[in-house]
Amino acid sequence: MIGYLIKRLLMLIPVFFAVSIIIFAIIHLIPGDPVDSLLKVGSSPAQRAIIEVRYGLDKPLPVQYAIWLGNLLTGDLGTAIVGRRPVADLVMQALPYSLALGGFALLFSTVVGLVLGVIAALNRDTLIDQIVMGGVLLGSTVPSFWLGLLMILAFAVYFPWFPVSGARGWSSLVLPVLTIGLGGMALVARVTRIEMIDVGRRDFVMLLHAKGLHPMRIALVHVLRHVLIPVVTILALRIGWVLGGAVTVEVVFARPGLGTLLIKALNQHDYPVVQACLLMLAMAVMLGTLLGDILQAAMDPRVRAALA
Amino acid sequence: MTMRFRHAALAATASYFALLGASSAVLAQEAIFVLPLSEVGVPSYDIIRQGNTNLGAYMIYDTMLVQDADQSFHPGLATSWTEAADGMSWTFEIKPGVTFHNGEPLTAAAIVAWLGFFADSDNAFTTQSIAKAEATGEMTVTLTMKNPDPNLLFNLASSTMGVIEPKAYVAMGEDYGVTDAVGTGPFKMESFAIGSETVLVRNDDYTWGSDLADNKGPAKISRITLREIAEDSTAFLELKTGGVDMLMSVPTDFLGELAKEPAISTLTLPGLEVVYMPINVTKAPFDDIKVREAVAFAVNQQEILDAVYGGVGAVANQFLISSLPESQVDPKYLISYDPAKSAALLEEAGWVMGADGVRAKDGAPLTISLWTQSDGSFRRLAEVVQAELKAVGVAAEITTFDSSTIRDQYKTGEQQLAVRSYWWGNADIVDWFFGGDRLGYPNVSMFNDPKAETLRAASMTGSKNSAERIANFKAYHEYVLSQFAFAPIYQPVQNIGYNKERIMMPAVIRAPRITGQTILSMEVIE
Amino acid sequence: MNALATPIIRSLRQPKGAIAGGWLIGLVLLAVFVPLLSPYAYDVQNLPNAFAPPSGAHWFGTDEFGRDLLTRILYGARTSLSVSAIAIGLSVTVGMCLGAAAGYLGGWFDRIVTSIVDLSWSFPEILVALILVAIIGPGVTGTLVAIGVAYLAQFTRLTRAQIMAIKSETYVEASRSLGASNVFILGRHLIPNALAPVLVSAMLATGDAIILEATLGFFGLGAQPPTPSWGSMMSSGTAQLFKAPWIILFPGLAVAITVIAINLFGDALIKSLDIRSRMRAA
């Protein structure tokens, strides 16, 4: 198992380089020039040249990439062209907001999704199942910006319980977390329900039933334990989904975070910031995938056997 | 066991969420303002190196001069000034007893050092006519000029020329304006998160408010948060629900709704913005002046004012805000809706109406592109213009771009028509948007005409005094109008919405816009 | 033909499948015949009648230009559905070719395709789409390509997994030992057998694509006016959220109901094809 872990971690290194090249190349395909955003009334071509030299934009692309990568490996994310300060500062300023939003959204998705999934599975093919799964489906089939706007209208305007926007205090987290979390909740509930039903059919569960244990106890203690791993796996694998949802939701709620930072930088062609944001998101997804794969390996006896 | 744990977790989450609700109450003598859409995303308060500024710059810094609502100049950090008869030198007396936020005194030497920072910066144009600045007394600054600059006072009163403490500016380098900013203004920067918010705290030592402020200082409000909200409706809802105290710019769409709110008042100031439609004079069919004239006369300024802007503001018939003397052009140059003239011109130019309602010439339909930016009301405005052009047989295809990328798109020169606006209170904006050396952007019209260039040079550097400058700019402006390089559309007013149960406004606003001097006298009602 | 029609008919016989299928067929018919059904044009402005709330004359109210919202939603269905379906169609075609080739050929080709797919899998679809639209430019074409590329990884991955699962089965081995060419084996045996799960997941992805199209529209990057699409309608409705909430409410409901219908019908298809286990394996 440890060998497998090391192998997987080592495999991340070439992937990381490939991702960094792709990100760098793609950013430079976007038409437009970040220097344009810096020039104001009366600026001359000479002033443009000064700015280009200051940010190293006068050098050929491969050289720019090498410099960027070199700095990256020493922990220097570069300087924002439009933002004019270390990209690391901008990212670190935005990160806590994104982590809070993403973390609570994941927590909400997992807890509520598990509860609903278990309820649906225990009441399989009854009206309760239909209602729960129907409601859950609704949560995952609406655009998150639309859901967010309706939440604002309902719970910030007509019932002014929560703030309309921003990130002032904990109460401003509630609506964004719900908006993202409902989608994730749907996924967790569906997986939980299917896995509960699946695991419920296995021999060991039959044996427990034969032993005369209370069915509720079997479901909540023995079956659920086996269900948790696939649920966590699917969440780890779909971490990008949460991050993607956060981008839109941050914009709708005018919240600071990596999403708003990225969208703004993308619009301003602030290459270093876009690169750093994409790299952060990609790394989060890569680590999520790794975690998911490891969990999958840990739970699949065939994979375990092959590794041993 | 598992079950019990889950219950506990749920209960904990629930009580946690209940706690969250309590913490957002705003303390008294604190206020939250929302910046206008055009000021969202300013990356730094380094107003020398950074082009864009926002309201915060007016609060952190004082300017040498201040402008009244009637555009006249009054003493700010400079108590008096004199210009040599030939316009080749200026002398400024500096107000005594003023200190910067870091305790450094304001002296003539500090002013000279600060002026030196502009060379090679993005804002070098503001000081480019100054040959030399020197301290000729402890509190006296003398400027020797390269050429007479009747616009010097305007520049010295503009937001990019808020006075910065030179030692801190040098010491902080690239961090200046981001981690801290040091001026003499009535508020100090406490924190700044780009694109999100700036927290400003009162400068308790401030006693040097200008003649235009009732309260000379310190400010009455102790702490002000400037929030940046990119979405108009979100900002409006924040004001309506009491989440913020003031919107620096209320979109006209929401004025009716705000009027229904008993707690909200709206303050209206004259506009500094003009909405217009540049016409690319180099792109067929607009290389034909008749077609340009035809589309200019197809724009129904009154309909747009009523339908898109709810009748708030005024129609625009020329390029400048109407409070500028250079806007008073000969009436024959004014452009206003005349569909019959528009149709006649298109007929003359050989464009014949087709069965599908689109004109054609030699089998080619009169289909053109109309660009605009995606924020604010521009998209909506573009759709109305599209329908108005269709009414005279011109099919316009709208393309929207993000507000910050559209400038790069203009630089390709591929645009035909665009709908956009500018925010500026000086006639030199004609030079900025129609100067032959700035084709693409800012010269979206790609207008490059030898006669215009001659008039332009006279306006920009050939004017010895302001009367001459006004005459020169008026002639230049009239010529640009006669060439139909754009169609004027609309002149907004500034609508400031505020919670009158929270904020007490000064009786009169003595400035073209809300500045730190206005905020000095604002009060939070306890 | 039968192989395609039978499961669809069987799905329509299930109650959920029937409701979902009915909605989808009805929506397409309405979108096609809307010029005959509606007294209003989608692009003619009537500014004095702007922001009219839902009424007998305008069932869903009017938008900020006084245009009938119901009419625009049905015209918008043309854009939203066709952009999503064509984008996913492109994605499936390219993804199947790549996935099939990678799964069947194996070796270095497989490794390259797999790692590229895994890489693009690292990025959330919305980010891939946002960046691609930034490169291509806003509008229907940009949206179409962006959505197509954003889902490419999913179909490549799925097809490859299906091919890997089938290729070692006896009949394929038999065919190969009889000297059949790679192209023949892929076209005759592997792709047809991998088709069902891929097509069903394509159908489900079309639902996601509708949401993605709406989200790009929300950022102002989708169909440009006066062409209505559900996303662009909601985008302009955002500004009117408080003044005229129906402008954003109804297109959003159209998206939600359509995506639910697609999901339910997809579930019914999975059931009638009995491919749940194969879908999950991927």
# chains A, B, ... in the order shown; residues from 1 in each chain; ligands from 1
call {"tool": "residues_around", "arguments": {"residues": "Glu348 (chain B)", "least_positions_apart": "5", "cutoff": "12 Å", "atoms": "only C-alpha atoms", "output": "list in words"}}
result
Asp288, Ile289, Lys290, Val291, Glu293, Ala294, Lys341, Ser342, Ala343, Met353 and Lys361 of chain B
call {"tool": "write_last_selection", "arguments": {"atoms": "C-alpha atoms", "output": "PDB file, in the first residue's frame"}}
result
ATOM      1  CA  ASP B 288     -19.242  56.949 -46.676  1.00  0.00           C
ATOM      2  CA  ILE B 289     -20.087  59.998 -44.550  1.00  0.00           C
ATOM      3  CA  LYS B 290     -23.732  59.815 -45.697  1.00  0.00           C
ATOM      4  CA  VAL B 291     -24.144  56.400 -44.100  1.00  0.00           C
ATOM      5  CA  GLU B 293     -24.823  60.633 -40.847  1.00  0.00           C
ATOM      6  CA  ALA B 294     -27.793  58.337 -41.512  1.00  0.00           C
ATOM      7  CA  LYS B 341     -33.397  62.509 -42.878  1.00  0.00           C
ATOM      8  CA  SER B 342     -31.758  59.199 -42.047  1.00  0.00           C
ATOM      9  CA  ALA B 343     -33.820  57.335 -44.661  1.00  0.00           C
ATOM     10  CA  MET B 353     -35.046  49.143 -48.790  1.00  0.00           C
ATOM     11  CA  LYS B 361     -26.848  48.011 -52.312  1.00  0.00           C
TER      12      LYS B 361
END
call {"tool": "interface_residues", "arguments": {"of": "chain C", "to": "chain A", "cutoff": "10 Å", "atoms": "only C-alpha atoms", "output": "MDAnalysis selection string"}}
result
chainID C and resid 115:116 118:128 130:137 207:208 210:216 218:219 231 234:235 238 241:242 245 248:249 251:264
call {"tool": "residues_around", "arguments": {"residues": "Asn46 (chain C)", "least_positions_apart": "2", "cutoff": "9 Å", "atoms": "only C-alpha atoms", "output": "PyMOL selection string"}}
result
chain C and resi 44+48-50+65-67
call {"tool": "write_last_selection", "arguments": {"atoms": "N, CA and C atoms", "output": "short mmCIF file (atom, residue, chain, number, x, y, z; two decimals), in the first residue's frame"}}
result
data_model
loop_
_atom_site.label_atom_id
_atom_site.label_comp_id
_atom_site.auth_asym_id
_atom_site.auth_seq_id
_atom_site.Cartn_x
_atom_site.Cartn_y
_atom_site.Cartn_z
N VAL C 44 -39.36 41.81 -31.83
CA VAL C 44 -39.93 43.14 -32.03
C VAL C 44 -40.18 43.80 -30.67
N PRO C 48 -43.07 50.71 -24.55
CA PRO C 48 -44.04 51.16 -23.53
C PRO C 48 -44.64 49.99 -22.74
N ASN C 49 -44.57 48.78 -23.30
CA ASN C 49 -45.17 47.62 -22.64
C ASN C 49 -44.13 46.79 -21.88
N ALA C 50 -42.97 47.40 -21.58
CA ALA C 50 -41.92 46.65 -20.89
C ALA C 50 -42.35 46.32 -19.46
N PHE C 65 -37.88 44.84 -22.76
CA PHE C 65 -38.14 45.51 -24.03
C PHE C 65 -39.61 45.36 -24.44
N GLY C 66 -40.45 44.84 -23.55
CA GLY C 66 -41.86 44.65 -23.86
C GLY C 66 -42.13 43.46 -24.76
N ARG C 67 -41.19 42.51 -24.84
CA ARG C 67 -41.39 41.33 -25.68
C ARG C 67 -42.01 40.21 -24.86
#
call {"tool": "select_by_dssp", "arguments": {"residues": "region 281-412 of chain B", "states": "alpha helix (DSSP H)", "output": "ChimeraX atom specification"}}
result
/B:289-298,301-307,339-348,378-391,406-410
call {"tool": "select_by_dssp", "arguments": {"residues": "region 288-398 of chain B", "states": "strand (DSSP E or B)", "output": "ChimeraX atom specification"}}
result
/B:314-315,352-353,359-361,364-365,367-373,395-398
call {"tool": "closest_residue", "arguments": {"among": "A:Arg85, A:Lys59, A:Lys211, A:Arg193", "to": "chain B", "atoms": "only C-alpha atoms"}}
result
A:Arg85
call {"tool": "residues_around", "arguments": {"residues": "region 76-82 of chain A", "least_positions_apart": "3", "cutoff": "6 Å", "atoms": "only C-alpha atoms", "output": "list in words"}}
result
Asn71, Leu72, Arg85, Pro86, Val87, Ala88, Asp270, Pro272 and Val273 of chain A
call {"tool": "residues_around", "arguments": {"residues": "Gly220 (chain C)", "least_positions_apart": "6", "cutoff": "9 Å", "atoms": "only C-alpha atoms", "output": "MDAnalysis selection string"}}
result
(chainID B and resid 374:375 400:402) or (chainID C and resid 138:139 231:232 235:236)
call {"tool": "residues_around", "arguments": {"residues": "Ala487 (chain B)", "least_positions_apart": "5", "cutoff": "6 Å", "atoms": "only C-alpha atoms", "output": "PyMOL selection string"}}
result
chain B and resi 276-277+296
call {"tool": "write_last_selection", "arguments": {"atoms": "N, CA and C atoms", "output": "short mmCIF file (atom, residue, chain, number, x, y, z; two decimals), in the first residue's frame"}}
result
data_model
loop_
_atom_site.label_atom_id
_atom_site.label_comp_id
_atom_site.auth_asym_id
_atom_site.auth_seq_id
_atom_site.Cartn_x
_atom_site.Cartn_y
_atom_site.Cartn_z
N TYR B 276 -22.44 57.30 -25.77
CA TYR B 276 -22.41 57.63 -27.20
C TYR B 276 -22.14 56.39 -28.04
N MET B 277 -22.30 56.56 -29.34
CA MET B 277 -22.08 55.45 -30.26
C MET B 277 -20.97 55.83 -31.24
N ALA B 296 -26.35 58.10 -37.44
CA ALA B 296 -26.35 59.06 -36.33
C ALA B 296 -27.75 59.64 -36.12
#
call {"tool": "interface_residues", "arguments": {"of": "chain B", "to": "chain C", "cutoff": "7 Å", "atoms": "only C-alpha atoms", "output": "list in words"}}
result
Asp232, Ser233, Ala307, Ser374, Glu383, Ile398 and Thr399 of chain B
call {"tool": "residues_around", "arguments": {"residues": "Pro96 (chain A)", "least_positions_apart": "5", "cutoff": "12 Å", "atoms": "only C-alpha atoms", "output": "MDAnalysis selection string"}}
result
chainID A and resid 89:91 101:104 167 255:258
call {"tool": "write_last_selection", "arguments": {"atoms": "N, CA and C atoms", "output": "mmCIF file, in the first residue's frame"}}
result
data_model
loop_
_atom_site.group_PDB
_atom_site.id
_atom_site.type_symbol
_atom_site.label_atom_id
_atom_site.label_comp_id
_atom_site.auth_asym_id
_atom_site.auth_seq_id
_atom_site.Cartn_x
_atom_site.Cartn_y
_atom_site.Cartn_z
ATOM 1 N N ASP A 89 0.068 36.741 -2.396
ATOM 2 C CA ASP A 89 -0.748 37.516 -1.449
ATOM 3 C C ASP A 89 -2.212 37.494 -1.847
ATOM 4 N N LEU A 90 -2.442 37.720 -3.158
ATOM 5 C CA LEU A 90 -3.826 37.750 -3.645
ATOM 6 C C LEU A 90 -4.495 36.406 -3.398
ATOM 7 N N VAL A 91 -3.757 35.341 -3.709
ATOM 8 C CA VAL A 91 -4.313 33.998 -3.544
ATOM 9 C C VAL A 91 -4.566 33.709 -2.073
ATOM 10 N N LEU A 101 -16.166 28.484 2.138
ATOM 11 C CA LEU A 101 -17.333 28.198 1.304
ATOM 12 C C LEU A 101 -17.331 26.740 0.861
ATOM 13 N N GLY A 102 -16.193 26.297 0.302
ATOM 14 C CA GLY A 102 -16.104 24.923 -0.202
ATOM 15 C C GLY A 102 -16.233 23.911 0.919
ATOM 16 N N GLY A 103 -15.565 24.192 2.037
ATOM 17 C CA GLY A 103 -15.572 23.255 3.151
ATOM 18 C C GLY A 103 -16.969 23.054 3.720
ATOM 19 N N PHE A 104 -17.644 24.152 3.991
ATOM 20 C CA PHE A 104 -18.991 24.037 4.544
ATOM 21 C C PHE A 104 -19.955 23.431 3.532
ATOM 22 N N ALA A 167 -19.138 38.997 2.352
ATOM 23 C CA ALA A 167 -18.600 37.969 3.227
ATOM 24 C C ALA A 167 -18.367 38.559 4.606
ATOM 25 N N ARG A 255 -18.958 37.600 -3.361
ATOM 26 C CA ARG A 255 -18.073 37.168 -2.281
ATOM 27 C C ARG A 255 -16.645 37.180 -2.768
ATOM 28 N N PRO A 256 -15.691 37.579 -1.943
ATOM 29 C CA PRO A 256 -14.306 37.389 -2.347
ATOM 30 C C PRO A 256 -13.973 35.900 -2.368
ATOM 31 N N GLY A 257 -12.973 35.524 -3.123
ATOM 32 C CA GLY A 257 -12.578 34.115 -3.196
ATOM 33 C C GLY A 257 -11.820 33.849 -4.476
ATOM 34 N N LEU A 258 -11.344 32.607 -4.620
ATOM 35 C CA LEU A 258 -10.557 32.256 -5.804
ATOM 36 C C LEU A 258 -11.373 32.434 -7.079
#
call {"tool": "atom_distance", "arguments": {"atom1": "CA of Lys220 (chain B)", "atom2": "CA of Glu165 (chain B)"}}
result
24.2 Å
call {"tool": "closest_residue", "arguments": {"among": "A:Arg48, A:Arg202, A:Arg124, A:His226", "to": "chain B", "atoms": "only C-alpha atoms"}}
result
A:Arg48
call {"tool": "atom_distance", "arguments": {"atom1": "CA of Ser336 (chain B)", "atom2": "CA of Gly311 (chain B)"}}
result
16.5 Å
call {"tool": "atom_distance", "arguments": {"atom1": "CA of Gly393 (chain B)", "atom2": "CA of Leu370 (chain B)"}}
result
14.7 Å
call {"tool": "decode", "arguments": {"residues": "region 153-228 of chain C", "atoms": "C-alpha atoms", "output": "PDB file, in the first residue's frame"}}
result
ATOM      1  CA  ALA C 153     -12.866  13.934 -21.469  1.00  0.00           C
ATOM      2  CA  GLN C 154     -16.000  12.302 -20.097  1.00  0.00           C
ATOM      3  CA  PHE C 155     -16.887  10.486 -23.328  1.00  0.00           C
ATOM      4  CA  THR C 156     -13.337   9.504 -24.152  1.00  0.00           C
ATOM      5  CA  ARG C 157     -13.000   7.990 -20.705  1.00  0.00           C
ATOM      6  CA  LEU C 158     -16.336   6.198 -20.868  1.00  0.00           C
ATOM      7  CA  THR C 159     -15.786   4.776 -24.360  1.00  0.00           C
ATOM      8  CA  ARG C 160     -12.308   3.613 -23.487  1.00  0.00           C
ATOM      9  CA  ALA C 161     -13.603   1.816 -20.401  1.00  0.00           C
ATOM     10  CA  GLN C 162     -16.334   0.106 -22.443  1.00  0.00           C
ATOM     11  CA  ILE C 163     -13.900  -0.992 -25.135  1.00  0.00           C
ATOM     12  CA  MET C 164     -11.426  -2.281 -22.546  1.00  0.00           C
ATOM     13  CA  ALA C 165     -14.214  -4.325 -20.997  1.00  0.00           C
ATOM     14  CA  ILE C 166     -15.417  -5.830 -24.275  1.00  0.00           C
ATOM     15  CA  LYS C 167     -12.229  -6.295 -26.235  1.00  0.00           C
ATOM     16  CA  SER C 168     -11.086  -9.418 -24.455  1.00  0.00           C
ATOM     17  CA  GLU C 169     -14.427 -11.161 -24.850  1.00  0.00           C
ATOM     18  CA  THR C 170     -14.506 -14.369 -26.823  1.00  0.00           C
ATOM     19  CA  TYR C 171     -16.260 -13.188 -29.927  1.00  0.00           C
ATOM     20  CA  VAL C 172     -13.779 -10.376 -30.424  1.00  0.00           C
ATOM     21  CA  GLU C 173     -10.864 -12.739 -29.933  1.00  0.00           C
ATOM     22  CA  ALA C 174     -12.512 -15.108 -32.408  1.00  0.00           C
ATOM     23  CA  SER C 175     -12.970 -12.378 -34.952  1.00  0.00           C
ATOM     24  CA  ARG C 176      -9.348 -11.343 -34.590  1.00  0.00           C
ATOM     25  CA  SER C 177      -8.066 -14.892 -34.965  1.00  0.00           C
ATOM     26  CA  LEU C 178     -10.081 -15.105 -38.186  1.00  0.00           C
ATOM     27  CA  GLY C 179      -7.923 -12.263 -39.499  1.00  0.00           C
ATOM     28  CA  ALA C 180     -10.343  -9.326 -39.209  1.00  0.00           C
ATOM     29  CA  SER C 181      -8.738  -5.892 -39.417  1.00  0.00           C
ATOM     30  CA  ASN C 182      -8.589  -3.486 -36.481  1.00  0.00           C
ATOM     31  CA  VAL C 183     -10.970  -1.088 -38.176  1.00  0.00           C
ATOM     32  CA  PHE C 184     -13.409  -3.925 -38.868  1.00  0.00           C
ATOM     33  CA  ILE C 185     -13.331  -5.195 -35.310  1.00  0.00           C
ATOM     34  CA  LEU C 186     -13.772  -1.695 -33.899  1.00  0.00           C
ATOM     35  CA  GLY C 187     -16.600  -0.810 -36.258  1.00  0.00           C
ATOM     36  CA  ARG C 188     -18.372  -4.160 -36.283  1.00  0.00           C
ATOM     37  CA  HIS C 189     -18.050  -5.328 -32.693  1.00  0.00           C
ATOM     38  CA  LEU C 190     -16.600  -2.888 -30.249  1.00  0.00           C
ATOM     39  CA  ILE C 191     -18.210   0.467 -30.981  1.00  0.00           C
ATOM     40  CA  PRO C 192     -21.756  -0.902 -31.440  1.00  0.00           C
ATOM     41  CA  ASN C 193     -21.476  -2.716 -28.134  1.00  0.00           C
ATOM     42  CA  ALA C 194     -20.040   0.282 -26.341  1.00  0.00           C
ATOM     43  CA  LEU C 195     -22.649   2.519 -27.902  1.00  0.00           C
ATOM     44  CA  ALA C 196     -25.574   2.143 -25.508  1.00  0.00           C
ATOM     45  CA  PRO C 197     -23.903   3.389 -22.310  1.00  0.00           C
ATOM     46  CA  VAL C 198     -22.144   6.174 -24.206  1.00  0.00           C
ATOM     47  CA  LEU C 199     -25.336   7.360 -25.859  1.00  0.00           C
ATOM     48  CA  VAL C 200     -27.265   7.297 -22.600  1.00  0.00           C
ATOM     49  CA  SER C 201     -24.558   9.229 -20.821  1.00  0.00           C
ATOM     50  CA  ALA C 202     -24.537  11.642 -23.770  1.00  0.00           C
ATOM     51  CA  MET C 203     -28.208  12.191 -23.177  1.00  0.00           C
ATOM     52  CA  LEU C 204     -27.596  12.865 -19.483  1.00  0.00           C
ATOM     53  CA  ALA C 205     -24.702  15.177 -20.373  1.00  0.00           C
ATOM     54  CA  THR C 206     -27.016  17.160 -22.643  1.00  0.00           C
ATOM     55  CA  GLY C 207     -28.869  18.119 -19.480  1.00  0.00           C
ATOM     56  CA  ASP C 208     -25.624  19.323 -17.897  1.00  0.00           C
ATOM     57  CA  ALA C 209     -24.783  21.131 -21.128  1.00  0.00           C
ATOM     58  CA  ILE C 210     -28.053  23.052 -20.963  1.00  0.00           C
ATOM     59  CA  ILE C 211     -27.036  24.246 -17.497  1.00  0.00           C
ATOM     60  CA  LEU C 212     -23.543  25.081 -18.720  1.00  0.00           C
ATOM     61  CA  GLU C 213     -24.992  27.034 -21.656  1.00  0.00           C
ATOM     62  CA  ALA C 214     -27.197  28.929 -19.199  1.00  0.00           C
ATOM     63  CA  THR C 215     -24.209  29.678 -16.962  1.00  0.00           C
ATOM     64  CA  LEU C 216     -22.131  30.989 -19.874  1.00  0.00           C
ATOM     65  CA  GLY C 217     -25.175  33.054 -20.831  1.00  0.00           C
ATOM     66  CA  PHE C 218     -25.274  34.366 -17.262  1.00  0.00           C
ATOM     67  CA  PHE C 219     -21.713  35.639 -17.719  1.00  0.00           C
ATOM     68  CA  GLY C 220     -22.931  37.373 -20.914  1.00  0.00           C
ATOM     69  CA  LEU C 221     -20.908  35.034 -23.140  1.00  0.00           C
ATOM     70  CA  GLY C 222     -23.691  33.011 -24.789  1.00  0.00           C
ATOM     71  CA  ALA C 223     -26.054  33.818 -27.655  1.00  0.00           C
ATOM     72  CA  GLN C 224     -26.039  37.511 -28.512  1.00  0.00           C
ATOM     73  CA  PRO C 225     -29.223  39.615 -28.815  1.00  0.00           C
ATOM     74  CA  PRO C 226     -31.835  39.599 -30.155  1.00  0.00           C
ATOM     75  CA  THR C 227     -31.389  35.797 -30.428  1.00  0.00           C
ATOM     76  CA  PRO C 228     -32.939  34.412 -27.261  1.00  0.00           C
TER      77      PRO C 228
END
